[in-house]
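Printed here is upload-v8.txt (compact mmCIF, C-alpha atoms):
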# COMPACT_ATOMS: atom_id res chain seq x y z
CA MET X 1 -30.38 -18.01 4.28
CA LYS X 2 -32.16 -15.61 1.99
CA PHE X 3 -31.76 -11.91 1.28
CA ILE X 4 -32.47 -9.32 -1.40
CA CYS X 5 -30.00 -6.52 -2.07
CA GLU X 6 -28.92 -3.99 -4.65
CA ALA X 7 -26.67 -5.54 -7.28
CA GLU X 8 -24.10 -2.73 -7.12
CA ASP X 9 -23.82 -3.05 -3.34
CA LEU X 10 -23.16 -6.77 -3.64
CA LYS X 11 -20.63 -6.29 -6.43
CA ALA X 12 -18.71 -3.67 -4.46
CA ALA X 13 -18.65 -5.76 -1.28
CA VAL X 14 -17.42 -8.92 -2.99
CA ALA X 15 -14.76 -6.96 -4.91
CA ILE X 16 -13.41 -5.54 -1.64
CA VAL X 17 -13.20 -8.74 0.38
CA ALA X 18 -11.92 -10.83 -2.53
CA HIS X 19 -8.50 -9.28 -1.87
CA GLY X 20 -8.42 -11.17 1.42
CA THR X 21 -8.86 -14.66 -0.02
CA SER X 22 -5.93 -17.01 -0.45
CA ALA X 23 -5.33 -17.70 -4.14
CA LYS X 24 -3.40 -20.93 -3.60
CA SER X 25 -3.88 -22.55 -0.24
CA LEU X 26 -3.52 -26.05 1.15
CA ASN X 27 -6.77 -25.29 2.97
CA PRO X 28 -9.56 -24.71 0.39
CA ILE X 29 -11.75 -22.91 2.95
CA LEU X 30 -9.33 -19.95 2.81
CA GLU X 31 -10.18 -19.53 -0.86
CA GLY X 32 -13.80 -18.86 0.11
CA ILE X 33 -15.87 -15.80 0.94
CA LYS X 34 -18.13 -16.15 3.96
CA ILE X 35 -21.53 -14.46 3.88
CA ILE X 36 -23.58 -13.82 7.02
CA ALA X 37 -27.13 -12.45 6.85
CA GLU X 38 -28.88 -11.22 9.98
CA LYS X 39 -31.51 -8.58 10.75
CA ASP X 40 -31.15 -5.99 7.96
CA THR X 41 -27.48 -6.43 7.04
CA VAL X 42 -25.28 -8.86 5.13
CA THR X 43 -21.61 -9.20 6.05
CA PHE X 44 -18.92 -10.51 3.68
CA LEU X 45 -15.70 -11.95 5.10
CA ALA X 46 -12.41 -13.21 3.65
CA THR X 47 -9.07 -14.17 5.15
CA ASP X 48 -5.83 -15.96 4.39
CA LEU X 49 -4.96 -15.92 8.13
CA GLU X 50 -2.61 -12.96 7.54
CA ILE X 51 -5.20 -10.34 6.68
CA TYR X 52 -8.93 -10.32 7.45
CA LEU X 53 -11.37 -8.22 5.41
CA ARG X 54 -14.97 -7.51 6.39
CA LYS X 55 -17.60 -5.52 4.49
CA THR X 56 -21.23 -4.96 5.51
CA ILE X 57 -24.13 -3.83 3.31
CA ARG X 58 -27.82 -3.15 3.90
CA ALA X 59 -30.26 -5.79 2.64
CA ASP X 60 -33.77 -7.11 2.98
CA VAL X 61 -33.00 -10.26 4.96
CA LYS X 62 -35.76 -12.85 4.65
CA GLN X 63 -33.95 -15.59 6.55
CA ASP X 64 -30.85 -15.33 8.73
CA GLY X 65 -27.97 -17.66 8.01
CA ALA X 66 -24.44 -18.10 6.72
CA ALA X 67 -22.69 -19.64 3.71
CA VAL X 68 -19.18 -19.90 2.28
CA LEU X 69 -18.76 -19.69 -1.51
CA PRO X 70 -15.66 -20.27 -3.67
CA GLY X 71 -14.17 -16.78 -3.72
CA LYS X 72 -12.70 -16.53 -7.21
CA LEU X 73 -15.67 -18.06 -9.04
CA PHE X 74 -18.23 -16.16 -6.96
CA GLY X 75 -16.40 -12.87 -7.42
CA GLU X 76 -16.03 -13.23 -11.18
CA TYR X 77 -19.69 -14.22 -11.56
CA ILE X 78 -21.03 -11.36 -9.46
CA ALA X 79 -18.94 -8.85 -11.40
CA LYS X 80 -20.73 -9.92 -14.60
CA VAL X 81 -24.34 -10.09 -13.43
CA SER X 82 -26.97 -7.71 -14.75
CA GLY X 83 -30.12 -6.28 -13.20
CA ASN X 84 -30.76 -3.91 -10.31
CA GLN X 85 -31.51 -6.38 -7.55
CA ILE X 86 -30.15 -9.75 -6.55
CA ILE X 87 -31.95 -12.49 -4.67
CA PHE X 88 -29.52 -14.71 -2.77
CA THR X 89 -30.72 -18.03 -1.37
CA SER X 90 -28.62 -20.78 0.20
CA THR X 91 -28.83 -24.14 1.92
CA ASP X 92 -26.00 -26.01 3.62
CA THR X 93 -24.69 -27.22 0.25
CA THR X 94 -25.91 -24.86 -2.48
CA ALA X 95 -26.27 -21.12 -3.10
CA VAL X 96 -28.47 -19.60 -5.80
CA ILE X 97 -28.01 -16.03 -7.10
CA GLU X 98 -30.97 -14.70 -9.08
CA HIS X 99 -30.54 -11.47 -11.07
CA GLY X 100 -33.63 -10.93 -13.14
CA GLU X 101 -36.30 -13.29 -14.37
CA GLY X 102 -34.80 -16.55 -15.59
CA ASN X 103 -31.22 -15.50 -14.80
CA ASP X 104 -29.47 -17.31 -12.00
CA GLY X 105 -26.26 -19.02 -10.96
CA LYS X 106 -25.97 -22.03 -8.69
CA PHE X 107 -22.80 -22.69 -6.68
CA SER X 108 -21.64 -25.38 -4.30
CA CYS X 109 -21.03 -24.13 -0.76
CA LEU X 110 -17.99 -24.85 1.38
CA PRO X 111 -18.50 -25.99 5.00
CA VAL X 112 -19.37 -22.98 7.17
CA THR X 113 -18.10 -24.69 10.33
CA GLU X 114 -14.58 -24.93 8.90
CA TYR X 115 -14.25 -21.19 8.30
CA PRO X 116 -11.71 -19.49 10.64
CA ASP X 117 -12.88 -17.34 13.53
CA LEU X 118 -12.86 -13.59 13.05
CA VAL X 119 -10.25 -11.27 14.49
CA ASN X 120 -12.04 -8.82 16.78
CA LEU X 121 -9.83 -6.21 18.38
CA ALA X 122 -10.66 -3.71 21.07
CA THR X 123 -12.53 -0.59 20.01
CA LYS X 124 -10.12 1.79 21.75
CA PRO X 125 -7.78 3.17 19.04
CA THR X 126 -4.02 3.28 19.41
CA LEU X 127 -3.91 6.37 17.23
CA ALA X 128 -6.09 8.64 15.13
CA ILE X 129 -4.79 10.30 11.98
CA LYS X 130 -6.19 12.28 9.08
CA SER X 131 -7.03 9.83 6.30
CA GLY X 132 -5.26 11.92 3.67
CA ASP X 133 -2.06 11.87 5.73
CA LEU X 134 -2.24 8.09 6.16
CA LYS X 135 -2.82 7.63 2.43
CA GLU X 136 0.18 9.83 1.62
CA ILE X 137 2.36 7.88 4.05
CA ILE X 138 1.41 4.60 2.41
CA THR X 139 1.77 5.94 -1.15
CA LYS X 140 5.28 7.21 -0.46
CA ALA X 141 6.39 4.13 1.50
CA LEU X 142 5.08 1.33 -0.74
CA PRO X 143 7.67 1.55 -3.56
CA PHE X 144 10.48 1.30 -1.01
CA THR X 145 9.18 -1.79 0.77
CA ALA X 146 11.08 -4.99 0.00
CA MET X 147 9.09 -7.29 -2.26
CA ASP X 148 11.33 -10.31 -1.77
CA ASN X 149 13.99 -10.11 0.90
CA ALA X 150 15.65 -12.57 3.25
CA ARG X 151 14.78 -10.24 6.13
CA PRO X 152 11.02 -10.44 6.81
CA VAL X 153 11.00 -7.09 8.65
CA LEU X 154 11.76 -5.32 5.37
CA ARG X 155 8.58 -6.68 3.77
CA GLY X 156 6.61 -4.01 5.57
CA ALA X 157 6.82 -0.43 6.80
CA LEU X 158 7.83 0.63 10.29
CA PHE X 159 5.27 2.85 12.04
CA GLU X 160 6.74 4.77 15.00
CA ILE X 161 4.07 6.36 17.16
CA ASN X 162 5.41 9.21 19.33
CA ALA X 163 2.91 10.63 21.80
CA ASP X 164 5.42 13.23 23.04
CA SER X 165 5.76 14.90 19.64
CA ASN X 166 2.28 13.83 18.52
CA THR X 167 3.68 12.34 15.30
CA LEU X 168 3.69 9.17 13.25
CA THR X 169 6.95 8.37 11.45
CA ALA X 170 6.84 5.70 8.77
CA VAL X 171 9.97 4.12 7.31
CA ALA X 172 10.37 1.62 4.47
CA LEU X 173 13.61 0.31 2.96
CA ASP X 174 14.75 -2.57 0.79
CA GLY X 175 18.53 -2.41 1.10
CA PHE X 176 19.03 -0.05 -1.85
CA ARG X 177 16.69 2.84 -0.99
CA LEU X 178 14.76 4.24 1.92
CA ALA X 179 11.64 6.35 2.47
CA LYS X 180 10.88 8.26 5.67
CA ILE X 181 7.62 10.16 6.12
CA GLU X 182 6.40 12.00 9.20
CA LYS X 183 2.84 13.20 9.80
CA PRO X 184 1.00 14.73 12.76
CA LEU X 185 -1.42 12.61 14.75
CA ILE X 186 -4.85 13.69 15.84
CA ARG X 187 -4.75 11.55 18.94
CA PRO X 188 -2.01 9.10 20.03
CA THR X 189 -2.41 6.99 23.15
CA GLY X 190 1.26 6.20 23.77
CA ASN X 191 4.63 5.43 22.23
CA SER X 192 4.99 2.25 20.19
CA LYS X 193 6.62 0.70 17.12
CA ILE X 194 4.91 -1.71 14.73
CA ILE X 195 5.75 -3.18 11.31
CA ILE X 196 2.76 -3.36 8.96
CA PRO X 197 3.08 -5.82 6.03
CA LEU X 198 3.15 -4.58 2.45
CA ARG X 199 -0.11 -6.30 1.53
CA ALA X 200 -1.97 -4.73 4.45
CA LEU X 201 -0.67 -1.29 3.46
CA GLU X 202 -1.96 -1.81 -0.07
CA GLU X 203 -5.41 -2.71 1.26
CA MET X 204 -5.43 0.29 3.62
CA ARG X 205 -4.69 2.66 0.75
CA ARG X 206 -7.41 1.06 -1.35
CA MET X 207 -9.93 1.58 1.47
CA ILE X 208 -9.32 5.33 1.85
CA ILE X 209 -11.67 7.28 -0.41
CA ASP X 210 -12.48 10.43 1.58
CA GLU X 211 -9.12 12.00 2.48
CA LYS X 212 -10.60 14.44 5.01
CA GLU X 213 -12.01 12.03 7.56
CA GLU X 214 -10.42 10.72 10.73
CA ILE X 215 -8.94 7.22 10.66
CA ASN X 216 -8.43 5.11 13.78
CA LEU X 217 -5.83 2.37 14.03
CA VAL X 218 -6.15 -0.27 16.73
CA VAL X 219 -3.04 -2.27 17.64
CA GLU X 220 -3.51 -5.32 19.83
CA ASN X 221 -2.23 -8.91 20.16
CA LYS X 222 0.20 -8.51 17.24
CA PHE X 223 -2.58 -7.30 14.93
CA VAL X 224 -3.44 -3.91 13.49
CA GLN X 225 -7.02 -3.01 12.59
CA ILE X 226 -8.47 -0.16 10.57
CA ALA X 227 -12.10 0.62 9.79
CA VAL X 228 -13.31 2.92 7.01
CA GLY X 229 -17.06 3.21 6.76
CA SER X 230 -18.51 -0.30 6.65
CA THR X 231 -15.20 -1.92 5.69
CA THR X 232 -12.79 -3.32 8.28
CA LEU X 233 -9.28 -4.66 7.77
CA ALA X 234 -7.29 -6.57 10.37
CA SER X 235 -3.73 -7.65 9.63
CA ARG X 236 -1.13 -9.66 11.44
CA LEU X 237 1.93 -7.51 12.19
CA ILE X 238 5.47 -8.48 11.24
CA ASP X 239 7.40 -9.64 14.28
CA GLY X 240 11.01 -8.56 14.74
CA ASP X 241 13.30 -5.55 15.10
CA PHE X 242 13.40 -3.08 12.23
CA VAL X 243 16.67 -1.72 10.85
CA ASN X 244 18.16 1.24 12.74
CA TYR X 245 17.36 3.64 9.91
CA LYS X 246 18.69 6.70 11.72
CA GLN X 247 22.24 5.44 11.21
CA ILE X 248 21.70 5.17 7.46
CA ILE X 249 20.52 8.72 6.73
CA PRO X 250 23.39 11.22 6.21
CA HIS X 251 23.07 14.74 7.60
CA GLU X 252 26.06 16.49 6.00
CA PHE X 253 26.56 17.00 2.26
CA ASN X 254 29.13 18.43 -0.15
CA GLY X 255 26.58 19.70 -2.63
CA SER X 256 22.96 19.79 -3.72
CA VAL X 257 20.78 20.73 -6.66
CA VAL X 258 17.26 22.13 -6.66
CA VAL X 259 15.23 21.13 -9.72
CA GLU X 260 11.64 21.54 -10.85
CA THR X 261 10.01 18.19 -10.08
CA ALA X 262 7.83 17.65 -13.15
CA PRO X 263 10.55 18.22 -15.80
CA LEU X 264 13.01 16.06 -13.85
CA LEU X 265 10.48 13.23 -13.50
CA ALA X 266 9.71 13.41 -17.23
CA ALA X 267 13.41 13.39 -18.13
CA VAL X 268 14.14 10.41 -15.87
CA GLY X 269 11.12 8.63 -17.34
CA ARG X 270 12.36 9.13 -20.90
CA ALA X 271 15.90 8.05 -20.05
CA GLY X 272 14.46 5.08 -18.18
CA LEU X 273 12.86 3.80 -21.39
CA LEU X 274 16.32 3.02 -22.73
CA THR X 275 17.56 1.48 -19.49
CA GLY X 276 14.59 -0.90 -19.56
CA SER X 277 16.46 -2.93 -22.17
CA ASN X 278 19.64 -2.85 -20.11
CA LYS X 279 20.01 -5.42 -17.35
CA ILE X 280 22.06 -2.92 -15.34
CA ASN X 281 19.23 -0.36 -15.66
CA VAL X 282 21.56 2.59 -14.98
CA LEU X 283 21.30 6.27 -15.78
CA THR X 284 23.71 9.03 -14.75
CA LEU X 285 23.11 12.50 -13.34
CA SER X 286 25.76 15.19 -13.66
CA THR X 287 25.79 18.86 -12.74
CA ALA X 288 27.19 21.45 -15.17
CA ASN X 289 26.40 24.98 -16.34
CA LYS X 290 23.37 25.49 -14.08
CA CYS X 291 21.83 22.29 -15.40
CA LEU X 292 21.30 18.74 -14.28
CA GLU X 293 22.08 16.37 -17.12
CA ILE X 294 20.46 12.92 -17.30
CA ASN X 295 22.09 10.34 -19.56
CA ALA X 296 21.39 6.71 -20.44
CA ASN X 297 23.04 4.58 -23.09
CA ASN X 298 23.48 1.01 -24.21
CA ASP X 299 23.82 -0.93 -27.45
CA LEU X 300 20.41 0.24 -28.64
CA GLY X 301 21.05 3.96 -28.36
CA LYS X 302 21.70 6.98 -26.20
CA ILE X 303 19.39 9.46 -24.49
CA ASN X 304 20.53 12.84 -23.17
CA GLU X 305 18.24 15.09 -21.13
CA ARG X 306 18.91 18.47 -19.51
CA VAL X 307 16.92 20.21 -16.78
CA ALA X 308 17.59 23.66 -15.34
CA ALA X 309 18.99 23.41 -11.80
CA ASN X 310 20.19 25.60 -8.96
CA LEU X 311 23.52 24.19 -7.76
CA ASP X 312 24.88 24.69 -4.26
CA GLY X 313 28.35 23.26 -3.55
CA GLN X 314 30.42 20.80 -5.56
CA ASP X 315 29.57 19.42 -8.99
CA ILE X 316 29.07 15.67 -9.21
CA LYS X 317 28.50 12.80 -11.61
CA ILE X 318 26.47 10.04 -10.02
CA ALA X 319 24.71 6.92 -11.34
CA PHE X 320 21.43 5.38 -10.21
CA ASN X 321 19.13 2.50 -10.91
CA ALA X 322 16.60 4.32 -13.11
CA LYS X 323 13.57 2.71 -11.50
CA TYR X 324 14.67 3.58 -7.98
CA LEU X 325 15.09 7.23 -8.88
CA PHE X 326 11.81 7.35 -10.78
CA ASP X 327 9.88 5.73 -7.92
CA ALA X 328 11.07 8.41 -5.51
CA LEU X 329 10.28 11.34 -7.80
CA ASN X 330 6.93 9.90 -8.85
CA THR X 331 5.40 10.27 -5.37
CA ILE X 332 6.47 13.91 -4.91
CA THR X 333 3.79 16.57 -5.37
CA ASP X 334 5.96 19.54 -4.38
CA PRO X 335 6.88 21.77 -7.35
CA PHE X 336 10.63 21.72 -6.62
CA VAL X 337 12.80 18.89 -5.36
CA LYS X 338 16.26 18.90 -3.77
CA LEU X 339 18.93 16.24 -4.33
CA ALA X 340 21.74 16.32 -1.76
CA TYR X 341 24.96 14.32 -2.12
CA THR X 342 28.48 13.86 -0.78
CA ALA X 343 30.28 11.53 -3.23
CA PRO X 344 29.55 9.40 -6.32
CA LEU X 345 29.08 6.24 -4.24
CA ALA X 346 27.51 7.80 -1.14
CA PRO X 347 23.73 7.85 -0.55
CA CYS X 348 21.77 10.63 -2.23
CA VAL X 349 18.96 12.20 -0.22
CA ILE X 350 15.89 13.55 -2.02
CA THR X 351 13.54 15.99 -0.28
CA SER X 352 11.20 18.84 -1.07
CA ALA X 353 13.18 22.00 -1.81
CA LYS X 354 11.29 23.79 0.95
CA GLY X 355 11.92 21.10 3.55
CA GLY X 356 8.85 19.14 4.46
CA ASP X 357 7.87 15.94 6.18
CA TYR X 358 9.49 13.29 3.97
CA LEU X 359 12.83 12.22 2.56
CA PHE X 360 13.98 9.51 0.21
CA LEU X 361 17.43 7.96 0.17
CA VAL X 362 18.75 6.19 -2.92
CA LEU X 363 22.06 4.38 -3.13
CA PRO X 364 24.14 5.11 -6.27
CA VAL X 365 25.68 2.39 -8.42
CA ARG X 366 29.29 2.19 -9.50
CA LEU X 367 30.08 3.48 -12.98
CA GLY X 368 32.14 1.41 -15.38
Hey, can you dump this file as C-alpha cells for me?
Amino acid sequence: MKFICEAEDLKAAVAIVAHGTSAKSLNPILEGIKIIAEKDTVTFLATDLEIYLRKTIRADVKQDGAAVLPGKLFGEYIAKVSGNQIIFTSTDTTAVIEHGEGNDGKFSCLPVTEYPDLVNLATKPTLAIKSGDLKEIITKALPFTAMDNARPVLRGALFEINADSNTLTAVALDGFRLAKIEKPLIRPTGNSKIIIPLRALEEMRRMIIDEKEEINLVVENKFVQIAVGSTTLASRLIDGDFVNYKQIIPHEFNGSVVVETAPLLAAVGRAGLLTGSNKINVLTLSTANKCLEINANNDLGKINERVAANLDGQDIKIAFNAKYLFDALNTITDPFVKLAYTAPLAPCVITSAKGGDYLFLVLPVRLG
C-alpha cells in the first residue's frame, strides 16, 4: 500500500478514530487502527467491539492495500510529525511514514486478517434531527448518566422516538438525579425506544461541528449509527428495560423560586469549592427575604452566598450534593431558572423559568 496525503488530514483522521481503540484488551488487534487505501481515498477504522469509528480522507493513492498499526503509538507519532505532506508506505509487516526529506518513522504492522469485520447498517434512517438539537440533548444528558452502576441500563441515555408527536425524548439518571430533554424531529419513521451508551454519546457530541445541519440516526440489529461528513460512528446499544422515569418526576409542588441563572451558578460554584474538601459534599439552599441563600461549611471555613429570587409558595431549607446541583445549572443557557420543591427530602425539579423542553431532578440529602 502506498499513498500521499496532507499531513493535517491524516492527523485529524487518526485523532478521531483513536477514540475507538481499546486501551487494554486481551486481543491486541483491538488496540490497532486499520488503514485501507483504494482509488482516491484512505479510510481509517478503529473498534473495541462496542463502538466502531470510521473516517475517510482524500489522498493520492499509488497502490491499493490495507494495514493495521498499533493505535496509541501511531496516533502519538502522527500528532508530532512536521511537514505539509506525508508519504505512507506499507508491506505485510512494516509501515513507513515519511514527512519531509530524511524524516520518517517505521512501525511493525499487526495482522490485517485478524481485524474484526465492519458494522454496516442500512442506509434508511430511523430518525432525522437538527444537529444542534442532538448536541444539546447529549450535553444536558451526559452529566446525569451513571458512570459506575450495578444496573447497566443506567450507563446510557434512553432515546424515546415518538412519530405521533414528532419528538425525541432523552432521559438519563443515575439514582440521585435525572435529566429529561425533548426535541422535535425532522423525520421519524416510527415509535421506538433505545438506550445509547455513555461513550457513544460522548463520541456523537464530539463529531457534531456544524449545529445547523441534519443528522440521521440508523437503528438496526441492536446498533445505532450516525454519520457526520466523512466520519461514521456505530455503537452497540444497551440491552434491557430502562427505569420508568415518569413515576419519578413530581408534578405538584408546595413552592418554587425563580433565580437568574448566571449568578446562581457562580454562587453554587463558589460554595462548591469549600464542599470539595468535605466528603459529604453538601451545600444548603434556603429561601428568605426575596433571596435564595447558598451556604457551605466544614472545618476549613464557611461560605455564604445570596442571590435575588422571586418566591412563590412556602419557604424551604434544602440540602444538595454540590456537584449534582452545579452539573444541572451548568448546562442551562436560559437567563432565568426555576427550582420547584415540596419538602426538604423530596425531589427538587429544575427547569427554565419560561417552561421549555428540559427538566432536571435532583434528590436532596438529609441535614444533620
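Separating CA of Ala322 (chain X) from CA of Val258 (chain X) is a distance of 19.0 Å.
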For the contact check between region 187-282 of chain X and region 108-124 of chain X, emit one row per residue of region 187-282 of chain X within 12 Å, containing the shortest atom pair and the distance in Å rounded to one decimal, counting all atoms listed in the file, chain then rising number order, as a tab-separated table.
residue	atom	partner	partner_atom	distance
X:Arg187	CA	X:Lys124	CA	11.5
X:Pro188	CA	X:Lys124	CA	11.1
X:Thr189	CA	X:Lys124	CA	9.4
X:Asn216	CA	X:Lys124	CA	8.8
X:Leu217	CA	X:Lys124	CA	8.9
X:Val218	CA	X:Lys124	CA	6.7
X:Val219	CA	X:Leu121	CA	7.9
X:Glu220	CA	X:Leu121	CA	6.5
X:Asn221	CA	X:Leu121	CA	8.3
X:Lys222	CA	X:Leu121	CA	10.4
X:Phe223	CA	X:Leu121	CA	8.1
X:Val224	CA	X:Leu121	CA	8.4
X:Gln225	CA	X:Leu121	CA	7.2
X:Ile226	CA	X:Leu121	CA	10.0
X:Ala227	CA	X:Thr123	CA	10.3
X:Thr232	CA	X:Asn120	CA	10.2
X:Leu233	CA	X:Val119	CA	9.5
X:Ala234	CA	X:Val119	CA	6.9
X:Ser235	CA	X:Val119	CA	8.9
X:Arg236	CA	X:Val119	CA	9.8
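Here the question is which of X:Asp164, X:Asp48, X:Asp315, X:Asp40 gets nearest to Ser256 (chain X) using all atoms listed in the file, and that residue is X:Asp315.
CA of Asn244 (chain X) lies 25.8 Å from CA of Arg205 (chain X).
For the choices X:Ile181, X:Ile195, X:Ala319, X:Val349, the atom-to-atom distance to Val153 (chain X) is smallest for X:Ile195 when using only C-alpha atoms.
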Inset, instruction - Extract, using all atoms listed in the file, all DNA, RNA and protein residues at most 9 Å from Ile35 (chain X), discarding same-chain residues fewer than 2 positions from it, and format them as a PyMOL selection string. - result: chain X and resi 33+37+42-45+65-69
task = Name the residues in contact with Ala79 (chain X) at a cut-off of 12 Å, using only C-alpha atoms, excluding same-chain residues fewer than 5 positions from it; report them as a ChimeraX atom specification.
result = /X:7-16,18,72-74,99
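In this structure, CA of Ala288 (chain X) sits 20.1 Å away from CA of Arg270 (chain X).
Counting only C-alpha atoms, the residue from X:Asn254, X:Asn297, X:Asn304, X:Asn330 that sits nearest to Cys348 (chain X) is X:Asn254.
The nearest approach to Phe88 (chain X) among the residues X:Phe159, X:Phe336, X:Phe144, X:Phe107, with only C-alpha atoms taken into account, belongs to X:Phe107.
Closest to Asp312 (chain X) among X:Asp357, X:Asn281, X:Val268, X:Phe253 is X:Phe253, based on only C-alpha atoms.
In terms of minimum interatomic distance to Tyr324 (chain X), X:Leu265 ranks closest within X:Leu265, X:Leu127, X:Ile36, X:Ala308, counting all atoms listed in the file.
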Requested in this report: List the neighbours of Gly156 (chain X) out to 10 Å using all atoms listed in the file; skip same-chain residues closer than 2 positions along the sequence, and give me the result as a list in words.
Outcome: Ala141, Leu142, Phe144, Thr145, Ala146, Met147, Pro152, Val153, Leu154, Leu158, Phe159, Val171, Ala172, Leu173, Asp174, Ile194, Ile195, Ile196, Pro197, Leu198, Arg199, Ala200, Leu201, Leu237, Ile238 and Phe242 of chain X
Which centre and edge lengths in Å to one decimal define the box along x, y and z that fits every listed atom of region 100-118 of chain X plus 4 Å per side, as JSON?
{"center_x": -24.0, "center_y": -18.5, "center_z": -1.0, "size_x": 32.6, "size_y": 23.1, "size_z": 37.1}
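When the distance limit is 12 Å and all atoms listed in the file are what count, the residues near Asn162 (chain X), minus those fewer than 3 positions from it on the same chain, are Thr126, Leu127, Phe159, Ser165, Asn166, Thr167, Leu168, Thr169, Ala170, Glu182, Lys183, Pro184, Leu185, Ile186, Arg187, Pro188, Thr189, Gly190, Asn191, Ser192, Lys193 and Ile194 of chain X.
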